[in-house]
Each structure stands twice: as C-alpha cells, then as structure tokens.
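For reference, start.csv (CSV, C-alpha atoms and all ligand atoms):
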chain,number,residue,atom,x,y,z
A,46,MET,CA,124.4,122.9,92.2
A,47,PHE,CA,123.0,119.8,93.9
A,48,TYR,CA,121.0,120.6,97.0
A,49,GLU,CA,119.9,117.1,97.8
A,50,GLY,CA,119.4,116.4,101.5
A,51,ARG,CA,119.3,120.0,102.7
A,52,MET,CA,115.6,120.5,102.0
A,53,ARG,CA,114.5,116.9,102.3
A,54,ASN,CA,115.0,114.5,105.2
A,55,ILE,CA,116.5,111.4,103.8
A,56,ILE,CA,117.4,108.2,105.5
A,57,THR,CA,119.6,105.8,103.5
A,58,ILE,CA,119.9,102.1,104.4
A,59,ASP,CA,122.6,100.3,102.4
A,60,GLY,CA,123.7,96.7,102.8
A,61,PRO,CA,124.3,93.4,101.2
A,62,ALA,CA,121.7,91.0,99.8
A,63,SER,CA,119.1,89.8,102.3
A,64,SER,CA,120.3,92.0,105.1
A,65,GLY,CA,116.6,92.9,105.8
A,66,LYS,CA,117.1,96.5,104.6
A,67,GLY,CA,114.0,96.5,102.4
A,68,THR,CA,111.8,95.2,105.2
A,69,VAL,CA,113.0,97.7,107.7
A,70,ALA,CA,113.2,100.6,105.2
A,71,LYS,CA,109.6,100.1,104.2
A,72,ILE,CA,108.3,100.0,107.8
A,73,ILE,CA,110.3,103.1,108.8
A,74,ALA,CA,109.0,105.0,105.8
A,75,ASN,CA,105.5,104.1,106.8
A,76,ARG,CA,106.0,105.1,110.5
A,77,LEU,CA,107.6,108.4,109.6
A,78,GLY,CA,105.2,109.1,106.7
A,79,PHE,CA,108.1,109.3,104.2
A,80,SER,CA,108.2,108.1,100.7
A,81,TYR,CA,110.1,104.9,100.0
A,82,LEU,CA,112.5,104.1,97.2
A,83,GLU,CA,113.9,100.5,96.8
A,84,SER,CA,116.8,101.3,94.4
A,85,GLY,CA,117.5,97.5,93.9
A,86,ALA,CA,114.1,97.3,92.1
A,87,ILE,CA,115.4,99.7,89.5
A,88,TYR,CA,118.4,97.5,88.8
A,89,ARG,CA,116.3,94.4,89.0
A,90,ALA,CA,113.8,95.9,86.5
A,91,LEU,CA,116.7,96.6,84.1
A,92,GLY,CA,117.9,93.0,84.5
A,93,LEU,CA,114.4,91.8,83.7
A,94,TRP,CA,114.1,94.2,80.7
A,95,VAL,CA,117.4,92.9,79.3
A,96,TYR,CA,116.2,89.3,79.8
A,97,LYS,CA,112.8,90.0,78.2
A,98,ASN,CA,114.6,91.6,75.2
A,99,LYS,CA,116.6,88.5,74.8
A,100,LEU,CA,120.0,90.1,74.8
A,101,SER,CA,122.6,87.4,75.1
A,102,ASP,CA,124.8,86.9,78.1
A,103,ASN,CA,127.5,88.7,76.2
A,104,ALA,CA,125.4,91.8,75.5
A,105,LEU,CA,127.5,94.8,74.9
A,106,ASN,CA,127.4,97.5,77.5
A,107,SER,CA,126.1,99.9,74.9
A,108,GLU,CA,123.2,97.5,74.1
A,109,VAL,CA,122.2,97.4,77.8
A,110,LEU,CA,122.6,101.2,78.0
A,111,ASN,CA,120.3,101.7,75.0
A,112,LEU,CA,117.6,99.5,76.6
A,113,ILE,CA,117.3,102.0,79.5
A,114,ASP,CA,115.7,104.4,77.1
A,115,SER,CA,112.8,102.1,76.6
A,116,LEU,CA,112.5,101.2,80.3
A,117,ASN,CA,109.5,102.9,81.8
A,118,LEU,CA,109.4,102.2,85.5
A,119,LYS,CA,106.6,103.2,87.9
A,120,PHE,CA,106.2,102.4,91.6
A,121,VAL,CA,102.6,102.3,92.5
A,122,GLY,CA,102.0,101.5,96.2
A,123,ASP,CA,103.8,98.1,96.7
A,124,GLN,CA,103.8,97.3,93.0
A,125,VAL,CA,106.4,97.9,90.3
A,126,LEU,CA,105.2,98.5,86.8
A,127,LEU,CA,107.6,97.9,83.9
A,128,ASN,CA,106.2,99.4,80.8
A,129,GLY,CA,102.7,99.0,82.1
A,130,SER,CA,103.1,95.3,83.3
A,131,ASN,CA,103.1,94.4,87.0
A,132,VAL,CA,106.5,92.7,87.5
A,133,THR,CA,106.6,92.9,91.3
A,134,LEU,CA,106.9,89.1,91.8
A,135,GLN,CA,109.2,88.5,88.9
A,136,LEU,CA,111.6,91.0,90.2
A,137,ARG,CA,112.1,88.9,93.3
A,138,GLU,CA,113.6,85.9,91.5
A,139,GLU,CA,117.2,85.2,92.4
A,140,PHE,CA,118.3,85.0,88.8
A,141,ILE,CA,117.0,88.5,88.3
A,142,GLY,CA,119.0,89.7,91.3
A,143,MET,CA,122.1,88.2,89.7
A,144,LEU,CA,121.4,90.0,86.4
A,145,ALA,CA,120.8,93.2,88.3
A,146,SER,CA,124.1,92.8,90.1
A,147,LYS,CA,125.8,92.2,86.7
A,148,TYR,CA,124.4,95.1,84.8
A,149,SER,CA,124.6,97.5,87.8
A,150,ALA,CA,128.4,97.2,87.6
A,151,ILE,CA,128.5,99.1,84.3
A,152,PRO,CA,129.5,102.7,85.1
A,153,ASP,CA,127.4,104.3,82.3
A,154,VAL,CA,124.3,102.3,83.5
A,155,ARG,CA,124.7,103.7,87.0
A,156,ALA,CA,125.3,107.2,85.7
A,157,LYS,CA,122.1,107.0,83.6
A,158,LEU,CA,120.0,105.9,86.5
A,159,LEU,CA,121.3,108.4,89.0
A,160,GLN,CA,119.0,111.3,88.3
A,161,PHE,CA,115.9,109.1,88.3
A,162,GLN,CA,116.8,108.1,91.9
A,163,ARG,CA,117.7,111.7,93.0
A,164,ASN,CA,114.4,113.0,91.6
A,165,PHE,CA,112.3,110.2,93.0
A,166,ALA,CA,109.3,111.5,95.1
A,167,GLY,CA,110.2,115.1,94.3
A,168,ASN,CA,110.9,117.0,97.4
A,169,ASP,CA,109.3,114.5,99.8
A,170,ASN,CA,111.1,113.1,102.7
A,171,LEU,CA,112.5,109.7,101.8
A,172,VAL,CA,113.7,106.4,103.1
A,173,THR,CA,115.7,104.5,100.5
A,174,ASP,CA,117.7,101.3,100.5
A,175,GLY,CA,120.4,99.8,98.2
A,176,ARG,CA,124.2,99.6,97.9
A,177,ASP,CA,125.3,103.2,97.2
A,178,MET,CA,122.4,105.3,98.5
A,179,GLY,CA,124.5,106.9,101.2
A,180,SER,CA,127.8,107.0,99.4
A,181,ILE,CA,126.8,108.2,95.9
A,182,VAL,CA,123.1,108.9,95.4
A,183,PHE,CA,122.4,110.9,98.6
A,184,PRO,CA,125.7,111.7,100.2
A,185,ASN,CA,124.1,114.5,102.3
A,186,ALA,CA,121.4,112.3,103.7
A,187,ARG,CA,120.3,113.1,107.3
A,188,LEU,CA,121.0,109.5,108.4
A,189,LYS,CA,123.1,106.8,106.7
A,190,ILE,CA,122.8,103.2,107.9
A,191,PHE,CA,124.9,100.3,106.8
A,192,LEU,CA,122.8,97.2,107.6
A,193,THR,CA,124.5,93.9,107.5
A,194,ALA,CA,124.4,90.3,109.0
A,195,SER,CA,126.5,87.3,108.6
A,196,ALA,CA,126.2,85.5,105.2
A,197,HIS,CA,124.9,82.4,107.1
A,198,LYS,CA,122.2,84.4,108.9
A,199,ARG,CA,121.1,86.0,105.6
A,200,ALA,CA,120.9,82.7,103.8
A,201,GLU,CA,118.9,81.2,106.7
A,202,ARG,CA,116.4,84.1,106.6
A,203,ARG,CA,116.0,83.9,102.8
A,204,PHE,CA,115.7,80.1,103.0
A,205,LYS,CA,112.7,80.5,105.4
A,206,GLN,CA,111.0,82.8,102.9
A,207,LEU,CA,111.7,80.8,99.8
A,208,HIS,CA,111.2,77.3,101.2
A,209,GLN,CA,107.5,78.1,101.7
A,210,LEU,CA,107.1,78.7,97.9
A,211,ASP,CA,109.6,76.1,96.6
A,212,LYS,CA,110.4,73.0,98.6
A,213,SER,CA,113.4,72.1,96.3
A,214,VAL,CA,115.4,75.1,97.3
A,215,THR,CA,118.4,74.4,99.5
A,216,ILE,CA,120.2,76.6,102.1
A,217,GLU,CA,123.5,75.8,100.4
A,218,SER,CA,122.4,77.1,97.0
A,219,ILE,CA,121.1,80.3,98.6
A,220,LEU,CA,124.3,80.8,100.5
A,221,ASN,CA,126.3,80.4,97.3
A,222,ASP,CA,124.1,82.9,95.5
A,223,ILE,CA,124.4,85.4,98.4
A,224,MET,CA,128.2,85.1,98.5
A,225,ALA,CA,128.5,85.5,94.7
A,226,ARG,CA,126.4,88.6,94.8
A,227,ASP,CA,128.3,90.0,97.8
A,228,LEU,CA,131.5,89.5,95.9
A,229,GLN,CA,130.2,91.1,92.7
A,230,ASP,CA,128.6,94.1,94.5
A,231,SER,CA,131.5,94.9,96.8
A,232,THR,CA,134.4,94.4,94.3
A,233,ARG,CA,133.1,96.4,91.3
A,234,GLU,CA,134.9,99.6,90.4
A,235,VAL,CA,132.0,102.0,90.5
A,236,ALA,CA,129.9,102.5,93.6
A,237,PRO,CA,130.9,99.3,95.3
A,238,LEU,CA,129.0,98.3,98.4
A,239,SER,CA,130.9,100.1,101.1
A,240,TYR,CA,130.6,102.6,103.9
A,241,ASP,CA,132.7,105.3,105.6
A,242,SER,CA,132.7,107.2,108.9
A,243,SER,CA,129.4,109.0,108.0
A,244,PHE,CA,127.5,105.8,108.3
A,245,TYR,CA,126.1,103.9,111.4
A,246,VAL,CA,127.0,100.3,110.9
A,247,LEU,CA,124.5,97.8,112.3
A,248,ASP,CA,125.0,94.1,112.3
A,249,ASN,CA,121.6,92.7,112.8
A,250,SER,CA,122.6,89.0,112.9
A,251,GLU,CA,121.2,88.7,116.4
A,252,LEU,CA,118.5,91.3,116.2
A,253,THR,CA,114.8,91.1,115.5
A,254,ILE,CA,113.2,93.3,112.8
A,255,ASP,CA,111.7,95.5,115.6
A,256,GLU,CA,115.0,95.9,117.3
A,257,THR,CA,116.6,96.9,114.0
A,258,ILE,CA,113.9,99.4,113.4
A,259,ASN,CA,114.1,100.9,116.9
A,260,PHE,CA,117.8,101.3,116.5
A,261,ILE,CA,117.4,103.2,113.3
A,262,LEU,CA,114.6,105.3,114.6
A,263,SER,CA,116.5,106.3,117.7
A,264,ARG,CA,119.5,107.3,115.5
A,265,TYR,CA,117.2,109.3,113.4
A,266,ASN,CA,115.6,111.1,116.4
A,267,SER,CA,119.1,112.0,117.6
A,268,ALA,CA,120.1,113.3,114.2
A,269,THR,CA,117.1,115.6,114.0
A,270,HIS,CA,117.0,117.0,117.6
B,301,LIG,O1,118.9,95.2,96.9
B,301,LIG,P1,118.7,94.1,95.8
B,301,LIG,O2,119.3,92.8,96.3
B,301,LIG,O3,117.3,94.0,95.3
B,301,LIG,O4,119.6,94.6,94.6
B,301,LIG,C1,119.8,93.8,93.4
B,301,LIG,C2,121.1,94.1,92.8
B,301,LIG,O5,121.1,95.4,92.2
B,301,LIG,C3,122.3,94.1,93.7
B,301,LIG,O6,122.9,92.8,93.8
B,301,LIG,C4,123.2,95.1,93.2
B,301,LIG,C5,122.3,96.1,92.5
B,301,LIG,N1,122.1,97.3,93.2
B,301,LIG,C6,123.1,98.3,93.0
B,301,LIG,O7,124.1,98.1,92.4
B,301,LIG,N2,122.9,99.5,93.7
B,301,LIG,C7,121.8,99.8,94.4
B,301,LIG,N3,121.7,101.0,95.0
B,301,LIG,C8,120.9,98.8,94.6
B,301,LIG,C9,121.0,97.6,94.0
Spit out the file's structure as structure tokens when you get a sec.
Amino acid sequence: MFYEGRMRNIITIDGPASSGKGTVAKIIANRLGFSYLESGAIYRALGLWVYKNKLSDNALNSEVLNLIDSLNLKFVGDQVLLNGSNVTLQLREEFIGMLASKYSAIPDVRAKLLQFQRNFAGNDNLVTDGRDMGSIVFPNARLKIFLTASAHKRAERRFKQLHQLDKSVTIESILNDIMARDLQDSTREVAPLSYDSSFYVLDNSELTIDETINFILSRYNSATH
C-alpha cells in the first residue's frame, strides 16, 4: 500500500515550461525548511544521457529505457551530478529540454522513474515541481498548485534570462520552443500536463515572484490549519 502524503507534508507545483515553478518551489522549500525535488531535472538528465550516449533521433524506446539503468543521478545542494559529473548548467539548455520532453512521453520511462521520485528525500517534507507531480507522483499531496502564465509572458521572462548569456537569441525562437514543448507535454498519452479540481490554479502572468510565493504559502497555511 502506498502511504505517500499522509506522513509527509508535500506541496506540488506543476505547470508549463518557464512558468516560474522552479524558482518559486525552491524559495518555498527554503522558507519552510522542506526538501526540494525538481522532477524536470530527472527527465533532462535522461535527455542528456541519451545525447551523450549518441543514440540516434530514432532511438528505440527499449534503448532509451535500458539507458536508465546506467543513469546515476544525485542532487547535491543546487547541483545535479550525472554519473559523477556536474551537469547543472548543461541541463538548462533548451535542446535538452526538448529531448526531456520527447523521452518523458514514453510510458515505460515514466513508470521506471516513478519510484525514484516517490522515494526522494525519504520521509522529509517536500516541495516538488514538474508536470505530473500532483496528478500521478504525489496524488495525496497536502497542497497542489497548477502554476501557469501566458506563452508570451513566459517567453519574455526566458528571453530576459537567456539574452544576458547569448545575444543572438530571439524572443520568437523562444516562443516557438515554448509552444512546441507545451503541445508535446500536454497532448501525450501518459501523465499529460493537466490539473483537476484538487489543484489551485494560479496564472501568474501579472504577478511578481513574491506575490506568487505569498499566494502559495497562504494556501499552504490554510491547508494545514
Ligand atoms: O520542468 P522542465 O521544463 O525542466 O521539464 C523538462 C521536460 O521534462 C518537460 O518538457 C517535460 C518533462 N517533464 C515531465 O514529463 N514530467 C515532469 N514531472 C517534469 C518534466
């Protein structure tokens, strides 16, 4: 029997690419003294691992699945170690996000990575973000948030971050990437990005990070008192 969520306090924050879920989830985990799991980093690490192992674009699902057996992932503070190498920055690349989105649509891949996520941080209280954390991974979580913003706002925010590092990046290309990933993540057959009536939906297009955090913390306080 699966007792997740009864012993631990878990807050799930799901939402589309660049909705700010990672930023707010990390700050909320810090404020509450909870552990933090960025589930997207697991799928991104798989994307990077497939890429490093030079599987072709037409890799068979079974080949991708086999690679999971040799994927040793550790989260150490803010860093992600993949088989001992610090891959934190590489994981943020947009093409890795696309690979993550592609391979995460394979049902057996999701099934194989499920227990790692449920066991993450043992029995610690947890804040976690992703696409299916409230719907599939932790359905009994204390608080489930669906955090979204318009595609234009998300592209604008991402542009501001990326433009500092790479002046050749354009807002149009980012918007295209975001829309492609939204489509892929929300139309796949297993664990599509979605929410139901057990979620609080928050569109933060016009909210600051602090306002978003305050909304989630006030919902959490109401849920626990
Ligand atoms: O959150 P992110 O953008 O880093 O996630 C990268 C990709 O990984 C995303 O496009 C889809 C996939 N993903 C998923 O399928 N389920 C999750 N819980 C988290 C991410």
Any idea what's packed within 12 Å of Val214 in chain A, counting only C-alpha atoms, ignoring anything in its chain fewer than 4 positions away? Could you give it as JSON, numbers by chain?
-> {"A": [139, 200, 201, 203, 204, 205, 206, 207, 208, 209, 210, 218, 219, 220, 222]}
Skip range 228-240 of chain A itself and residues of its chain fewer than 2 positions away, then list as a ChimeraX atom specification all residues within 8 Å of it, counting only C-alpha atoms.
-> /A:59-61,146-147,150-152,176-177,179-181,191,224-226,242-244
Within 7 Å of ligand LIG 301 (chain B), counting all atoms listed in the file, residues as a PyMOL selection string | chain A and resi 62-63+84-86+88-89+142-143+145-146+149-150+174-178+226+230
Nearest candidate to Asn185 in chain A (options A:Ile223, A:Tyr148, A:Arg163, A:Ile73; using only C-alpha atoms) =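 Comparing A:Ile223, A:Tyr148, A:Arg163, A:Ile73 against Asn185 in chain A, the winner is A:Arg163.
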List every protein, DNA or RNA residue with an atom no more than 12 Å from (109.5, 107.0, 113.7) in the file's coordinates, counting all atoms listed in the file, and format the result as a PyMOL selection string.
-> chain A and resi 56+69-79+172+255+258-267+269
Write a file of the selected residues as a PDB file, keeping the file's coordinate frame, keeping C-alpha atoms.
ATOM      1  CA  ILE A  56     117.400 108.200 105.500  1.00  0.00           C
ATOM      2  CA  VAL A  69     113.000  97.700 107.700  1.00  0.00           C
ATOM      3  CA  ALA A  70     113.200 100.600 105.200  1.00  0.00           C
ATOM      4  CA  LYS A  71     109.600 100.100 104.200  1.00  0.00           C
ATOM      5  CA  ILE A  72     108.300 100.000 107.800  1.00  0.00           C
ATOM      6  CA  ILE A  73     110.300 103.100 108.800  1.00  0.00           C
ATOM      7  CA  ALA A  74     109.000 105.000 105.800  1.00  0.00           C
ATOM      8  CA  ASN A  75     105.500 104.100 106.800  1.00  0.00           C
ATOM      9  CA  ARG A  76     106.000 105.100 110.500  1.00  0.00           C
ATOM     10  CA  LEU A  77     107.600 108.400 109.600  1.00  0.00           C
ATOM     11  CA  GLY A  78     105.200 109.100 106.700  1.00  0.00           C
ATOM     12  CA  PHE A  79     108.100 109.300 104.200  1.00  0.00           C
ATOM     13  CA  VAL A 172     113.700 106.400 103.100  1.00  0.00           C
ATOM     14  CA  ASP A 255     111.700  95.500 115.600  1.00  0.00           C
ATOM     15  CA  ILE A 258     113.900  99.400 113.400  1.00  0.00           C
ATOM     16  CA  ASN A 259     114.100 100.900 116.900  1.00  0.00           C
ATOM     17  CA  PHE A 260     117.800 101.300 116.500  1.00  0.00           C
ATOM     18  CA  ILE A 261     117.400 103.200 113.300  1.00  0.00           C
ATOM     19  CA  LEU A 262     114.600 105.300 114.600  1.00  0.00           C
ATOM     20  CA  SER A 263     116.500 106.300 117.700  1.00  0.00           C
ATOM     21  CA  ARG A 264     119.500 107.300 115.500  1.00  0.00           C
ATOM     22  CA  TYR A 265     117.200 109.300 113.400  1.00  0.00           C
ATOM     23  CA  ASN A 266     115.600 111.100 116.400  1.00  0.00           C
ATOM     24  CA  SER A 267     119.100 112.000 117.600  1.00  0.00           C
ATOM     25  CA  THR A 269     117.100 115.600 114.000  1.00  0.00           C
TER      26      THR A 269
END
Do a neighbour search on Asn249 in chain A at 8 Å with all atoms listed in the file, toss out local chain neighbours closer than 4 positions, and write the hits as a list in words.
-> Ser64, Leu192, Thr193, Ala194, Thr253 and Thr257 of chain A
Contact residues around range 106-111 of chain A with all atoms listed in the file at 8 Å, ignoring same-chain residues under 2 positions, as number ranges by chain = A: 95, 104, 113-115, 148, 151, 153-154
Rounded to one decimal in Å, what is the spacing between CA of Leu93 in chain A and CA of Ile141 in chain A?
->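 Interatomic distance here is 6.2 Å.
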Nearest to Asp227 in chain A, chosen from A:Ala90, A:Ala196, A:Leu82, A:Val132, with only C-alpha atoms counted in the distances =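 Result for the nearest residue to Asp227 in chain A: A:Ala196.
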Residue nearest Pro184 in chain A among A:Ile55, A:Leu171, A:Leu112, A:Val125 (counting all atoms listed in the file) |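 Going through A:Ile55, A:Leu171, A:Leu112, A:Val125 one by one, the smallest distance to Pro184 in chain A is for A:Ile55.
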In Å, how far is it from CA of Asp123 in chain A to CA of Phe161 in chain A?
->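 So the answer is 18.4 Å.
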Dump N, CA and C atoms of range 161-189 of chain A from the given block, as a CSV table (one decimal), in the first residue's frame.
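Written out: selection-v1.csv:
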chain,number,residue,atom,x,y,z
A,161,PHE,N,11.8,6.4,-8.0
A,161,PHE,CA,12.9,7.4,-7.6
A,161,PHE,C,12.3,8.7,-7.0
A,162,GLN,N,11.2,9.1,-7.7
A,162,GLN,CA,10.6,10.4,-7.3
A,162,GLN,C,9.9,10.3,-6.0
A,163,ARG,N,9.2,9.2,-5.8
A,163,ARG,CA,8.4,9.0,-4.6
A,163,ARG,C,9.3,8.7,-3.4
A,164,ASN,N,10.5,8.1,-3.6
A,164,ASN,CA,11.4,7.9,-2.5
A,164,ASN,C,12.3,9.0,-2.2
A,165,PHE,N,12.2,10.0,-3.1
A,165,PHE,CA,13.2,11.1,-3.0
A,165,PHE,C,13.1,11.8,-1.6
A,166,ALA,N,14.2,12.0,-0.9
A,166,ALA,CA,14.3,12.7,0.4
A,166,ALA,C,13.6,11.9,1.5
A,167,GLY,N,13.5,10.6,1.3
A,167,GLY,CA,13.0,9.7,2.3
A,167,GLY,C,11.6,10.2,2.8
A,168,ASN,N,11.6,10.4,4.1
A,168,ASN,CA,10.3,10.8,4.7
A,168,ASN,C,10.2,12.3,5.0
A,169,ASP,N,11.2,13.1,4.4
A,169,ASP,CA,11.2,14.6,4.6
A,169,ASP,C,10.0,15.2,4.0
A,170,ASN,N,9.6,16.4,4.6
A,170,ASN,CA,8.6,17.2,3.9
A,170,ASN,C,9.2,17.7,2.6
A,171,LEU,N,8.4,17.9,1.6
A,171,LEU,CA,8.9,18.1,0.2
A,171,LEU,C,8.1,19.2,-0.5
A,172,VAL,N,8.8,20.0,-1.3
A,172,VAL,CA,8.2,20.8,-2.3
A,172,VAL,C,8.8,20.3,-3.6
A,173,THR,N,7.9,20.0,-4.6
A,173,THR,CA,8.4,19.5,-5.8
A,173,THR,C,7.7,20.1,-7.0
A,174,ASP,N,8.4,20.2,-8.1
A,174,ASP,CA,7.7,20.8,-9.3
A,174,ASP,C,7.9,20.0,-10.5
A,175,GLY,N,7.0,20.1,-11.5
A,175,GLY,CA,7.1,19.3,-12.7
A,175,GLY,C,5.8,19.4,-13.6
A,176,ARG,N,5.4,18.3,-14.1
A,176,ARG,CA,4.2,18.3,-15.0
A,176,ARG,C,3.1,17.4,-14.4
A,177,ASP,N,3.5,16.3,-13.6
A,177,ASP,CA,2.5,15.4,-13.1
A,177,ASP,C,2.7,15.1,-11.6
A,178,MET,N,3.3,16.0,-10.9
A,178,MET,CA,3.7,15.7,-9.5
A,178,MET,C,2.4,15.6,-8.7
A,179,GLY,N,1.4,16.5,-9.0
A,179,GLY,CA,0.1,16.4,-8.2
A,179,GLY,C,-0.8,15.4,-8.8
A,180,SER,N,-0.7,15.1,-10.0
A,180,SER,CA,-1.7,14.2,-10.6
A,180,SER,C,-1.3,12.7,-10.5
A,181,ILE,N,0.0,12.4,-10.6
A,181,ILE,CA,0.4,11.0,-10.7
A,181,ILE,C,1.4,10.7,-9.5
A,182,VAL,N,2.4,11.5,-9.4
A,182,VAL,CA,3.5,11.1,-8.5
A,182,VAL,C,3.1,11.2,-7.0
A,183,PHE,N,2.5,12.3,-6.6
A,183,PHE,CA,2.0,12.5,-5.3
A,183,PHE,C,0.6,12.9,-5.2
A,184,PRO,N,-0.3,12.0,-5.6
A,184,PRO,CA,-1.8,12.4,-5.7
A,184,PRO,C,-2.4,12.8,-4.4
A,185,ASN,N,-1.7,12.4,-3.2
A,185,ASN,CA,-2.3,12.8,-1.9
A,185,ASN,C,-1.5,14.0,-1.3
A,186,ALA,N,-0.8,14.7,-2.1
A,186,ALA,CA,-0.1,15.9,-1.6
A,186,ALA,C,-1.0,16.8,-0.8
A,187,ARG,N,-0.4,17.5,0.2
A,187,ARG,CA,-1.2,18.4,1.1
A,187,ARG,C,-1.7,19.6,0.2
A,188,LEU,N,-0.9,20.1,-0.7
A,188,LEU,CA,-1.3,21.2,-1.5
A,188,LEU,C,-0.8,21.0,-2.9
A,189,LYS,N,-1.7,21.2,-3.9
A,189,LYS,CA,-1.3,21.0,-5.3
A,189,LYS,C,-1.6,22.3,-6.0
